[in-house]
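K.L.:
Coordinates in my_file24.json, JSON, C-alpha atoms, are listed below.
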```
[["chain", "number", "residue", "atom", "x", "y", "z"],
["Z", 1, "MET", "CA", 19.98, -8.77, -48.40],
["Z", 2, "ARG", "CA", 19.91, -9.60, -44.70],
["Z", 3, "SER", "CA", 20.64, -13.19, -43.80],
["Z", 4, "TYR", "CA", 18.08, -15.07, -41.77],
["Z", 5, "SER", "CA", 19.25, -16.52, -38.45],
["Z", 6, "PRO", "CA", 16.91, -19.20, -37.14],
["Z", 7, "ASP", "CA", 15.97, -19.21, -33.46],
["Z", 8, "LEU", "CA", 17.85, -22.23, -32.07],
["Z", 9, "THR", "CA", 16.40, -21.90, -28.57],
["Z", 10, "PRO", "CA", 14.73, -25.19, -27.60],
["Z", 11, "PRO", "CA", 10.92, -24.86, -27.52],
["Z", 12, "TRP", "CA", 10.75, -25.68, -23.82],
["Z", 13, "LYS", "CA", 13.03, -22.72, -23.01],
["Z", 14, "ARG", "CA", 11.15, -20.16, -25.05],
["Z", 15, "SER", "CA", 8.91, -17.73, -23.17],
["Z", 16, "LYS", "CA", 5.28, -18.45, -23.75],
["Z", 17, "PRO", "CA", 3.30, -15.52, -25.13],
["Z", 18, "VAL", "CA", 1.01, -13.78, -22.65],
["Z", 19, "PRO", "CA", -2.30, -12.04, -23.36],
["Z", 20, "GLU", "CA", -2.31, -8.40, -24.37],
["Z", 21, "VAL", "CA", -4.90, -6.47, -22.38],
["Z", 22, "PRO", "CA", -6.00, -2.89, -23.13],
["Z", 23, "ALA", "CA", -5.26, -0.62, -20.17],
["Z", 24, "GLU", "CA", -8.83, 0.63, -19.87],
["Z", 25, "PRO", "CA", -9.67, 3.08, -17.06],
["Z", 26, "ASP", "CA", -10.58, 1.33, -13.77],
["Z", 27, "LEU", "CA", -8.86, -1.94, -14.72],
["Z", 28, "VAL", "CA", -7.11, -3.16, -11.55],
["Z", 29, "VAL", "CA", -3.70, -4.79, -12.02],
["Z", 30, "GLU", "CA", -0.52, -5.51, -10.08],
["Z", 31, "GLU", "CA", 2.91, -4.42, -11.34],
["Z", 32, "VAL", "CA", 5.19, -7.47, -11.31],
["Z", 33, "SER", "CA", 8.44, -5.96, -10.03],
["Z", 34, "THR", "CA", 7.05, -3.86, -7.17],
["Z", 35, "GLY", "CA", 3.79, -5.58, -6.28],
["Z", 36, "PHE", "CA", 1.98, -2.23, -6.47],
["Z", 37, "CYS", "CA", -1.72, -2.84, -7.08],
["Z", 38, "GLY", "CA", -4.05, -0.19, -8.41],
["Z", 39, "ALA", "CA", -6.63, 0.90, -10.93],
["Z", 40, "VAL", "CA", -5.64, 2.34, -14.29],
["Z", 41, "ILE", "CA", -6.01, 6.12, -14.34],
["Z", 42, "ARG", "CA", -4.51, 6.96, -17.72],
["Z", 43, "CYS", "CA", -1.99, 5.95, -20.40],
["Z", 44, "GLU", "CA", 0.48, 8.44, -21.85],
["Z", 45, "LYS", "CA", 3.21, 8.70, -24.46],
["Z", 46, "THR", "CA", 6.59, 9.76, -23.07],
["Z", 47, "ALA", "CA", 10.09, 10.14, -24.48],
["Z", 48, "GLU", "CA", 10.99, 6.81, -22.86],
["Z", 49, "GLY", "CA", 7.92, 5.05, -24.24],
["Z", 50, "PRO", "CA", 4.27, 4.54, -23.26],
["Z", 51, "THR", "CA", 3.39, 4.53, -19.56],
["Z", 52, "VAL", "CA", 0.39, 3.74, -17.40],
["Z", 53, "THR", "CA", -0.59, 5.49, -14.16],
["Z", 54, "LEU", "CA", -2.12, 3.35, -11.42],
["Z", 55, "GLU", "CA", -3.99, 4.51, -8.32],
["Z", 56, "ASP", "CA", -4.23, 2.28, -5.27],
["Z", 57, "ARG", "CA", -7.16, 2.29, -2.88],
["Z", 58, "PHE", "CA", -5.41, 4.81, -0.63],
["Z", 59, "GLY", "CA", -5.22, 7.35, -3.47],
["Z", 60, "LYS", "CA", -1.48, 6.90, -4.14],
["Z", 61, "HIS", "CA", -0.40, 7.19, -7.79],
["Z", 62, "ARG", "CA", 2.50, 5.34, -9.45],
["Z", 63, "VAL", "CA", 3.64, 5.50, -13.09],
["Z", 64, "PHE", "CA", 4.98, 2.37, -14.81],
["Z", 65, "PRO", "CA", 6.24, 1.65, -18.34],
["Z", 66, "LEU", "CA", 4.04, -0.49, -20.56],
["Z", 67, "VAL", "CA", 6.49, -3.33, -20.99],
["Z", 68, "GLU", "CA", 5.92, -6.91, -22.05],
["Z", 69, "ARG", "CA", 4.83, -9.24, -19.22],
["Z", 70, "GLY", "CA", 4.82, -6.28, -16.85],
["Z", 71, "PHE", "CA", 1.56, -6.78, -14.95],
["Z", 72, "VAL", "CA", -0.60, -9.38, -13.25],
["Z", 73, "LEU", "CA", -4.34, -9.47, -13.89],
["Z", 74, "GLU", "CA", -6.48, -11.89, -11.88],
["Z", 75, "GLY", "CA", -3.45, -14.06, -11.13],
["Z", 76, "ARG", "CA", -2.11, -14.16, -14.72],
["Z", 77, "VAL", "CA", 0.86, -12.30, -16.13],
["Z", 78, "VAL", "CA", -0.25, -10.03, -18.97],
["Z", 79, "THR", "CA", 1.10, -7.31, -21.23],
["Z", 80, "LEU", "CA", -0.81, -4.06, -20.91],
["Z", 81, "VAL", "CA", -1.23, -2.08, -24.12],
["Z", 82, "ARG", "CA", -2.70, 1.33, -24.80],
["Z", 83, "PRO", "CA", -6.46, 1.09, -25.40],
["Z", 84, "THR", "CA", -7.68, 1.80, -28.88],
["Z", 85, "VAL", "CA", -9.84, 4.83, -29.52],
["Z", 86, "GLY", "CA", -13.49, 3.86, -29.62],
["Z", 87, "GLY", "CA", -12.91, 0.68, -27.65],
["Z", 88, "PRO", "CA", -15.51, -0.86, -25.35],
["Z", 89, "ALA", "CA", -17.13, 1.64, -23.01],
["Z", 90, "ARG", "CA", -18.23, -0.92, -20.46],
["Z", 91, "PRO", "CA", -16.18, -0.56, -17.25],
["Z", 92, "ALA", "CA", -14.00, -3.53, -16.43],
["Z", 93, "ARG", "CA", -14.62, -3.09, -12.71],
["Z", 94, "THR", "CA", -17.50, -2.59, -10.34],
["Z", 95, "ALA", "CA", -17.65, 0.44, -8.07],
["Z", 96, "SER", "CA", -15.81, -1.57, -5.40],
["Z", 97, "GLY", "CA", -12.93, -2.37, -7.77],
["Z", 98, "SER", "CA", -13.95, -6.01, -8.26],
["Z", 99, "VAL", "CA", -14.09, -7.66, -11.66],
["Z", 100, "ALA", "CA", -17.33, -6.75, -13.41],
["Z", 101, "VAL", "CA", -19.37, -9.74, -14.57],
["Z", 102, "PRO", "CA", -21.68, -8.45, -17.32],
["Z", 103, "GLY", "CA", -25.05, -10.17, -17.34],
["Z", 104, "ALA", "CA", -24.37, -12.12, -14.15],
["Z", 105, "ARG", "CA", -27.48, -13.18, -12.28],
["Z", 106, "ALA", "CA", -27.93, -12.44, -8.62],
["Z", 107, "ARG", "CA", -27.24, -15.46, -6.46],
["Z", 108, "VAL", "CA", -29.97, -16.87, -4.22],
["Z", 109, "ALA", "CA", -29.61, -15.13, -0.87],
["Z", 110, "ARG", "CA", -27.36, -16.80, 1.68],
["Z", 111, "ALA", "CA", -28.55, -17.53, 5.19],
["Z", 112, "GLY", "CA", -25.80, -15.23, 6.46],
["Z", 113, "ARG", "CA", -26.42, -11.51, 6.70],
["Z", 114, "ILE", "CA", -24.63, -8.21, 7.13],
["Z", 115, "TYR", "CA", -26.26, -5.72, 9.49],
["Z", 116, "VAL", "CA", -25.36, -2.05, 9.38],
["Z", 117, "GLU", "CA", -26.28, 0.60, 11.89],
["Z", 118, "GLY", "CA", -28.50, 2.89, 9.84],
["Z", 119, "ARG", "CA", -30.14, 3.57, 6.50],
["Z", 120, "HIS", "CA", -27.35, 5.84, 5.30],
["Z", 121, "ASP", "CA", -24.80, 3.10, 5.97],
["Z", 122, "ALA", "CA", -26.90, 0.64, 3.98],
["Z", 123, "GLU", "CA", -27.27, 3.03, 1.04],
["Z", 124, "LEU", "CA", -23.53, 3.70, 0.95],
["Z", 125, "VAL", "CA", -22.68, 0.00, 1.05],
["Z", 126, "GLU", "CA", -25.18, -0.66, -1.74],
["Z", 127, "ARG", "CA", -23.74, 2.13, -3.87],
["Z", 128, "VAL", "CA", -20.19, 0.77, -3.79],
["Z", 129, "TRP", "CA", -20.58, -2.96, -3.16],
["Z", 130, "GLY", "CA", -24.07, -3.63, -4.53],
["Z", 131, "ASP", "CA", -22.93, -5.61, -7.59],
["Z", 132, "ASP", "CA", -20.60, -7.76, -5.50],
["Z", 133, "LEU", "CA", -23.25, -8.44, -2.85],
["Z", 134, "ARG", "CA", -25.80, -9.61, -5.40],
["Z", 135, "ILE", "CA", -23.33, -11.96, -7.07],
["Z", 136, "GLU", "CA", -22.36, -13.38, -3.67],
["Z", 137, "GLY", "CA", -25.96, -13.58, -2.47],
["Z", 138, "VAL", "CA", -25.34, -11.41, 0.58],
["Z", 139, "VAL", "CA", -28.24, -9.40, 1.98],
["Z", 140, "VAL", "CA", -27.55, -6.17, 3.88],
["Z", 141, "GLU", "CA", -30.10, -5.00, 6.44],
["Z", 142, "TYR", "CA", -30.02, -1.84, 8.52],
["Z", 143, "LEU", "CA", -30.77, -1.47, 12.21],
["Z", 144, "GLU", "CA", -32.20, 1.57, 13.95],
["Z", 145, "GLY", "CA", -29.20, 1.87, 16.26],
["Z", 146, "ILE", "CA", -27.38, -0.92, 18.06],
["Z", 147, "ASP", "CA", -28.48, -0.51, 21.68],
["Z", 148, "ASP", "CA", -30.29, -3.86, 21.44],
["Z", 149, "LEU", "CA", -27.48, -5.62, 19.53],
["Z", 150, "PRO", "CA", -27.16, -8.60, 21.92],
["Z", 151, "ALA", "CA", -30.88, -9.36, 21.57],
["Z", 152, "ILE", "CA", -30.74, -8.85, 17.80],
["Z", 153, "VAL", "CA", -27.84, -11.30, 17.47],
["Z", 154, "ALA", "CA", -29.55, -13.85, 19.70],
["Z", 155, "GLU", "CA", -32.72, -13.63, 17.63],
["Z", 156, "PHE", "CA", -30.75, -14.13, 14.39],
["Z", 157, "GLY", "CA", -29.12, -17.27, 15.80],
["Z", 158, "PRO", "CA", -25.74, -17.31, 14.00],
["Z", 159, "MET", "CA", -24.44, -20.72, 12.89],
["Z", 160, "PRO", "CA", -21.46, -21.88, 10.80],
["Z", 161, "ASP", "CA", -23.61, -21.84, 7.65],
["Z", 162, "ALA", "CA", -25.41, -18.63, 8.65],
["Z", 163, "ARG", "CA", -22.81, -16.18, 9.81],
["Z", 164, "LEU", "CA", -23.61, -12.65, 10.88],
["Z", 165, "GLY", "CA", -21.47, -9.60, 10.19],
["Z", 166, "VAL", "CA", -22.21, -6.22, 11.79],
["Z", 167, "LEU", "CA", -20.86, -2.82, 10.79],
["Z", 168, "VAL", "CA", -21.15, -0.06, 13.38],
["Z", 169, "ASP", "CA", -20.22, 3.61, 13.57],
["Z", 170, "HIS", "CA", -17.68, 5.02, 16.02],
["Z", 171, "LEU", "CA", -16.18, 1.68, 17.04],
["Z", 172, "VAL", "CA", -13.33, 2.93, 19.24],
["Z", 173, "PRO", "CA", -12.01, 1.49, 22.54],
["Z", 174, "GLY", "CA", -14.07, 2.59, 25.52],
["Z", 175, "SER", "CA", -17.15, 3.55, 23.52],
["Z", 176, "LYS", "CA", -20.62, 2.10, 24.01],
["Z", 177, "GLU", "CA", -20.32, 0.52, 20.58],
["Z", 178, "PHE", "CA", -17.06, -1.18, 21.55],
["Z", 179, "ARG", "CA", -18.58, -2.70, 24.69],
["Z", 180, "LEU", "CA", -21.58, -4.02, 22.77],
["Z", 181, "ALA", "CA", -19.31, -5.52, 20.11],
["Z", 182, "GLU", "CA", -17.33, -7.38, 22.76],
["Z", 183, "GLN", "CA", -20.55, -8.93, 24.09],
["Z", 184, "VAL", "CA", -21.63, -10.52, 20.82],
["Z", 185, "THR", "CA", -18.45, -11.24, 18.85],
["Z", 186, "GLY", "CA", -17.88, -14.96, 18.44],
["Z", 187, "GLU", "CA", -16.97, -17.71, 16.00],
["Z", 188, "ASN", "CA", -20.00, -16.99, 13.82],
["Z", 189, "VAL", "CA", -20.42, -13.28, 14.57],
["Z", 190, "LEU", "CA", -18.03, -10.56, 13.47],
["Z", 191, "VAL", "CA", -18.54, -6.94, 14.54],
["Z", 192, "VAL", "CA", -16.33, -4.35, 12.87],
["Z", 193, "GLY", "CA", -16.58, -0.61, 12.52],
["Z", 194, "HIS", "CA", -14.99, 2.65, 11.54],
["Z", 195, "PRO", "CA", -13.80, 5.42, 13.89],
["Z", 196, "TYR", "CA", -16.12, 8.12, 12.55],
["Z", 197, "ILE", "CA", -19.06, 9.56, 14.49],
["Z", 198, "ASP", "CA", -21.26, 8.93, 11.45],
["Z", 199, "VAL", "CA", -20.80, 7.20, 8.11],
["Z", 200, "TRP", "CA", -20.95, 10.63, 6.41],
["Z", 201, "GLU", "CA", -17.33, 11.12, 7.50],
["Z", 202, "ALA", "CA", -16.29, 7.93, 5.69],
["Z", 203, "VAL", "CA", -16.77, 9.78, 2.40],
["Z", 204, "LYS", "CA", -13.62, 11.69, 1.46],
["Z", 205, "PRO", "CA", -14.09, 15.47, 1.85],
["Z", 206, "SER", "CA", -12.47, 16.04, -1.54],
["Z", 207, "SER", "CA", -15.18, 13.93, -3.18],
["Z", 208, "VAL", "CA", -17.90, 15.98, -1.54],
["Z", 209, "GLY", "CA", -16.15, 19.23, -2.48],
["Z", 210, "ILE", "CA", -15.35, 20.42, 1.03],
["Z", 211, "PRO", "CA", -11.94, 21.01, 2.65],
["Z", 212, "SER", "CA", -12.70, 18.76, 5.64],
["Z", 213, "TRP", "CA", -15.51, 17.46, 7.81],
["Z", 214, "PRO", "CA", -16.22, 20.08, 10.48],
["Z", 215, "THR", "CA", -15.88, 19.49, 14.20],
["Z", 216, "VAL", "CA", -19.27, 19.70, 15.89],
["Z", 217, "PRO", "CA", -19.36, 20.65, 19.59],
["Z", 218, "ARG", "CA", -20.55, 17.95, 21.98],
["Z", 219, "GLY", "CA", -24.21, 18.20, 22.80],
["Z", 220, "GLN", "CA", -25.26, 19.25, 19.30],
["Z", 221, "ASP", "CA", -26.85, 16.95, 16.76],
["Z", 222, "TRP", "CA", -23.84, 16.01, 14.64],
["Z", 223, "LYS", "CA", -25.51, 15.98, 11.24],
["Z", 224, "THR", "CA", -27.35, 19.24, 11.82],
["Z", 225, "GLY", "CA", -24.11, 20.78, 13.09],
["Z", 226, "VAL", "CA", -22.31, 19.66, 9.93],
["Z", 227, "CYS", "CA", -24.94, 21.30, 7.73],
["Z", 228, "ARG", "CA", -24.75, 24.49, 9.78],
["Z", 229, "SER", "CA", -20.94, 24.63, 9.68],
["Z", 230, "LEU", "CA", -20.82, 24.03, 5.93],
["Z", 231, "GLY", "CA", -23.53, 26.59, 5.20],
["Z", 232, "TRP", "CA", -25.89, 23.94, 3.85],
["Z", 233, "PRO", "CA", -29.66, 24.04, 4.50],
["Z", 234, "GLU", "CA", -30.33, 22.27, 7.79],
["Z", 235, "ASN", "CA", -32.05, 19.40, 6.04],
["Z", 236, "THR", "CA", -30.06, 16.27, 6.85],
["Z", 237, "GLY", "CA", -31.96, 14.15, 4.30],
["Z", 238, "ALA", "CA", -31.06, 16.51, 1.46],
["Z", 239, "ALA", "CA", -27.50, 16.77, 2.78],
["Z", 240, "TRP", "CA", -27.12, 12.99, 2.69],
["Z", 241, "GLN", "CA", -28.35, 12.81, -0.89],
["Z", 242, "ARG", "CA", -25.76, 15.43, -1.80],
["Z", 243, "ILE", "CA", -23.04, 13.36, -0.11],
["Z", 244, "LEU", "CA", -24.21, 10.04, -1.57],
["Z", 245, "SER", "CA", -24.35, 11.46, -5.09],
["Z", 246, "SER", "CA", -20.66, 12.34, -4.81],
["Z", 247, "VAL", "CA", -19.71, 8.67, -4.31],
["Z", 248, "HIS", "CA", -18.96, 6.90, -7.59],
["Z", 249, "SER", "CA", -16.51, 4.19, -6.54],
["Z", 250, "PHE", "CA", -14.30, 2.94, -3.73],
["Z", 251, "ARG", "CA", -11.92, 5.84, -4.41],
["Z", 252, "ASP", "CA", -14.43, 8.20, -2.83],
["Z", 253, "LEU", "CA", -14.35, 6.38, 0.52],
["Z", 254, "GLU", "CA", -11.85, 6.35, 3.35],
["Z", 255, "PRO", "CA", -9.75, 3.19, 3.77],
["Z", 256, "ALA", "CA", -11.05, 2.80, 7.33],
["Z", 257, "LEU", "CA", -14.47, 1.91, 5.90],
["Z", 258, "LEU", "CA", -13.32, 0.07, 2.77],
["Z", 259, "GLY", "CA", -11.36, -2.56, 4.64],
["Z", 260, "ARG", "CA", -14.10, -3.21, 7.17],
["Z", 261, "VAL", "CA", -16.86, -3.80, 4.62],
["Z", 262, "GLU", "CA", -14.70, -6.16, 2.59],
["Z", 263, "GLU", "CA", -13.78, -7.99, 5.81],
["Z", 264, "LEU", "CA", -17.48, -8.54, 6.52],
["Z", 265, "ILE", "CA", -18.20, -9.78, 3.00],
["Z", 266, "ASP", "CA", -15.33, -12.25, 3.24],
["Z", 267, "PHE", "CA", -16.54, -13.40, 6.67],
["Z", 268, "VAL", "CA", -20.13, -14.21, 5.68],
["Z", 269, "THR", "CA", -19.15, -15.81, 2.35],
["Z", 270, "ASP", "CA", -16.21, -17.90, 3.61],
["Z", 271, "PRO", "CA", -17.10, -21.59, 3.22],
["Z", 272, "VAL", "CA", -16.79, -23.44, 6.48]]
```
Turn the structure described in the file into structure tokens.
P.N.:
Amino acid sequence: MRSYSPDLTPPWKRSKPVPEVPAEPDLVVEEVSTGFCGAVIRCEKTAEGPTVTLEDRFGKHRVFPLVERGFVLEGRVVTLVRPTVGGPARPARTASGSVAVPGARARVARAGRIYVEGRHDAELVERVWGDDLRIEGVVVEYLEGIDDLPAIVAEFGPMPDARLGVLVDHLVPGSKEFRLAEQVTGENVLVVGHPYIDVWEAVKPSSVGIPSWPTVPRGQDWKTGVCRSLGWPENTGAAWQRILSSVHSFRDLEPALLGRVEELIDFVTDPV
């Protein structure tokens, strides 16, 4: 018979137990020793023990052992465990990677707004960040181009409790968009953008099922030229629906757009 050896460690020196959390797909955690943050892709059995594969927002994968106190979830150290078969099907995250809040009501709209350049931009933002925007009470409106941006900003009348964020296409030094952004950016106005000619390019080609976005000669309508180069019907509305339907989460978008949208959300929701 084995003898029993009592644990003589004083209570105040014993490690407190931490929650065990099933490593469900799309759960976003941080590995404690490396600081790597990503969404759960899969769990596997290996000769060295169970592992979890994480994917960060840039598409990089890392494999980590499922060890006790090995991860941080929403600021708390947790132990990830393999999910049980037939567990909850509800995703733990929204399409943007934020914590899902089942049954949460939309917040009353803030005075602040986010303006985007066109309808396609608005639809893409809604598809990925819609849940987050409703919880935060942020309304997104689209403009028909930004040639009149200074007048639009003046009419809005930004204030500390009514900030305005603007997302524009092709915001690169020397461009028309860049010059307009410089005119209106201020303490209560933030203009950010991505480097692409159109928001279509902010969707990863691999998600759409193409090798790359084609180069369209100057002077041609860019969207029509894309359809022509890819052998798609020259119907830009149908092409956009095809592209939009390929976007399921933040993983389908380029980091150059992801960071800018989140920057705008933070700007208009930051308490002054």
K.L.:
Enclose range 189-195 of chain Z, meaning all of its atoms listed in the file, in a box aligned along x, y and z, pad it by 8 Å on each side, and list the centre and edge lengths in Å to one decimal, as lines of an AutoDock Vina configuration file.
P.N.:
```
center_x = -17.1
center_y = -3.9
center_z = 13.1
size_x = 22.6
size_y = 34.7
size_z = 19.0
```
K.L.:
Between CA of Val192 in chain Z and CA of Val168 in chain Z, what is the distance, to one decimal in Å?
P.N.:
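Distance between the two atoms: 6.5 Å.
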K.L.:
Mind giving me the straight-line distance from CA of Leu27 in chain Z to CA of Ile243 in chain Z in Å, one decimal?
P.N.:
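Here the two named atoms are 25.5 Å from each other.
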K.L.:
At a cut-off of 10 Å, using only C-alpha atoms, what residues contact Leu190 in chain Z? Leave out same-chain residues fewer than 4 positions from it and give the result as a compact mmCIF listing (two decimals) with C-alpha atoms, keeping the file's coordinate frame.
P.N.:
```txt
# COMPACT_ATOMS: atom_id res chain seq x y z
CA ILE Z 114 -24.63 -8.21 7.13
CA ARG Z 163 -22.81 -16.18 9.81
CA LEU Z 164 -23.61 -12.65 10.88
CA GLY Z 165 -21.47 -9.60 10.19
CA VAL Z 166 -22.21 -6.22 11.79
CA LEU Z 167 -20.86 -2.82 10.79
CA ALA Z 181 -19.31 -5.52 20.11
CA GLU Z 182 -17.33 -7.38 22.76
CA VAL Z 184 -21.63 -10.52 20.82
CA THR Z 185 -18.45 -11.24 18.85
CA GLY Z 186 -17.88 -14.96 18.44
CA GLU Z 263 -13.78 -7.99 5.81
CA LEU Z 264 -17.48 -8.54 6.52
CA PHE Z 267 -16.54 -13.40 6.67
CA VAL Z 268 -20.13 -14.21 5.68
```
K.L.:
Within 9 Å of Leu230 in chain Z, counting only C-alpha atoms, which residues show up once you throw out same-chain ones fewer than 3 positions away? Write them as a list in words, please.
P.N.:
Ile210, Trp213, Pro214, Gly225, Val226, Cys227 and Pro233 of chain Z
K.L.:
Please indicate the distance in Å from CA of Ser206 in chain Z to CA of Gly193 in chain Z, rounded to one decimal place.
P.N.:
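Taking CA of Ser206 in chain Z as the start and CA of Gly193 in chain Z as the end point, the length is 22.2 Å.
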K.L.:
Between Z:Lys45, Z:Arg69, Z:Asp148, Z:Val140, single out the one closest to Arg127 in chain Z, counting all atoms listed in the file.
P.N.:
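Smallest separation from Arg127 in chain Z among the options: Z:Val140.
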K.L.:
Kindly provide, as a ChimeraX atom specification, the polymer residues lying within 6 Å of (-0.1, 2.4, -25.1), counting only C-alpha atoms and using the coordinates exactly as they appear in the file.
P.N.:
/Z:50,81-82
K.L.:
Using all atoms listed in the file, which protein or nucleic acid residues come within 7 Å of Glu254 in chain Z? Drop anything in the same chain fewer than 6 positions from it, and give the result as a PyMOL selection string.
P.N.:
chain Z and resi 202-204
K.L.:
Any chance you could export the current selection's C-alpha atoms as a PDB file, keeping the file's coordinate frame?
P.N.:
```
ATOM      1  CA  ALA Z 202     -16.290   7.930   5.690  1.00  0.00           C
ATOM      2  CA  VAL Z 203     -16.770   9.780   2.400  1.00  0.00           C
ATOM      3  CA  LYS Z 204     -13.620  11.690   1.460  1.00  0.00           C
TER       4      LYS Z 204
END
```
K.L.:
Kindly indicate which residue among Z:Val77, Z:Phe178, Z:Glu117, Z:Arg251 lies nearest to Ala39 in chain Z, using only C-alpha atoms for the distances.
P.N.:
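Checking each of Z:Val77, Z:Phe178, Z:Glu117, Z:Arg251 against Ala39 in chain Z, counting only C-alpha atoms, the winner is Z:Arg251.
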K.L.:
So which one's closest to Thr236 in chain Z, Z:Glu144, Z:Glu31, Z:His120, Z:Glu68? Using all atoms listed in the file, please.
P.N.:
Z:His120
K.L.:
With distances taken over all atoms listed in the file, which of Z:Asp121, Z:Glu126, Z:Asp26, Z:Glu155 is nearest to Tyr142 in chain Z?
P.N.:
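For Tyr142 in chain Z, the nearest of the candidates is Z:Asp121.
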K.L.:
Skip Ser33 in chain Z itself and residues of its chain fewer than 5 positions away, then list as a PyMOL selection string all residues within 12 Å of it, counting all atoms listed in the file.
P.N.:
chain Z and resi 64-65+67+69-72+77
K.L.:
Since the input is missing atoms, can you rebuild N, CA, C and O atoms for range 182-194 of chain Z and write them as a JSON list (two decimals), in the coordinates of the input?
P.N.:
```
[["chain", "number", "residue", "atom", "x", "y", "z"],
["Z", 182, "GLU", "N", -18.00, -6.34, 21.98],
["Z", 182, "GLU", "CA", -17.33, -7.38, 22.76],
["Z", 182, "GLU", "C", -18.33, -8.43, 23.28],
["Z", 182, "GLU", "O", -17.98, -9.61, 23.40],
["Z", 183, "GLN", "N", -19.55, -8.01, 23.56],
["Z", 183, "GLN", "CA", -20.55, -8.93, 24.09],
["Z", 183, "GLN", "C", -21.01, -9.97, 23.09],
["Z", 183, "GLN", "O", -21.35, -11.10, 23.47],
["Z", 184, "VAL", "N", -21.02, -9.62, 21.81],
["Z", 184, "VAL", "CA", -21.63, -10.52, 20.82],
["Z", 184, "VAL", "C", -20.64, -11.17, 19.88],
["Z", 184, "VAL", "O", -20.99, -12.14, 19.18],
["Z", 185, "THR", "N", -19.42, -10.67, 19.79],
["Z", 185, "THR", "CA", -18.45, -11.24, 18.85],
["Z", 185, "THR", "C", -18.13, -12.68, 19.21],
["Z", 185, "THR", "O", -17.90, -13.02, 20.38],
["Z", 186, "GLY", "N", -18.17, -13.55, 18.22],
["Z", 186, "GLY", "CA", -17.88, -14.96, 18.44],
["Z", 186, "GLY", "C", -17.45, -15.63, 17.16],
["Z", 186, "GLY", "O", -17.18, -14.97, 16.15],
["Z", 187, "GLU", "N", -17.44, -16.95, 17.16],
["Z", 187, "GLU", "CA", -16.97, -17.71, 16.00],
["Z", 187, "GLU", "C", -17.80, -17.43, 14.76],
["Z", 187, "GLU", "O", -17.28, -17.39, 13.66],
["Z", 188, "ASN", "N", -19.10, -17.20, 14.96],
["Z", 188, "ASN", "CA", -20.00, -16.99, 13.82],
["Z", 188, "ASN", "C", -20.55, -15.57, 13.75],
["Z", 188, "ASN", "O", -21.48, -15.31, 12.98],
["Z", 189, "VAL", "N", -20.00, -14.68, 14.56],
["Z", 189, "VAL", "CA", -20.42, -13.28, 14.57],
["Z", 189, "VAL", "C", -19.18, -12.40, 14.52],
["Z", 189, "VAL", "O", -18.27, -12.56, 15.34],
["Z", 190, "LEU", "N", -19.15, -11.50, 13.57],
["Z", 190, "LEU", "CA", -18.03, -10.56, 13.47],
["Z", 190, "LEU", "C", -18.60, -9.14, 13.49],
["Z", 190, "LEU", "O", -19.43, -8.79, 12.65],
["Z", 191, "VAL", "N", -18.14, -8.34, 14.45],
["Z", 191, "VAL", "CA", -18.54, -6.94, 14.54],
["Z", 191, "VAL", "C", -17.31, -6.09, 14.23],
["Z", 191, "VAL", "O", -16.28, -6.21, 14.89],
["Z", 192, "VAL", "N", -17.42, -5.26, 13.22],
["Z", 192, "VAL", "CA", -16.33, -4.35, 12.87],
["Z", 192, "VAL", "C", -16.93, -2.96, 12.72],
["Z", 192, "VAL", "O", -18.14, -2.78, 12.66],
["Z", 193, "GLY", "N", -16.07, -1.97, 12.67],
["Z", 193, "GLY", "CA", -16.58, -0.61, 12.52],
["Z", 193, "GLY", "C", -15.50, 0.35, 12.11],
["Z", 193, "GLY", "O", -14.33, 0.00, 12.02],
["Z", 194, "HIS", "N", -15.92, 1.57, 11.89],
["Z", 194, "HIS", "CA", -14.99, 2.65, 11.54],
["Z", 194, "HIS", "C", -14.95, 3.64, 12.70],
["Z", 194, "HIS", "O", -15.82, 3.62, 13.58]]
```
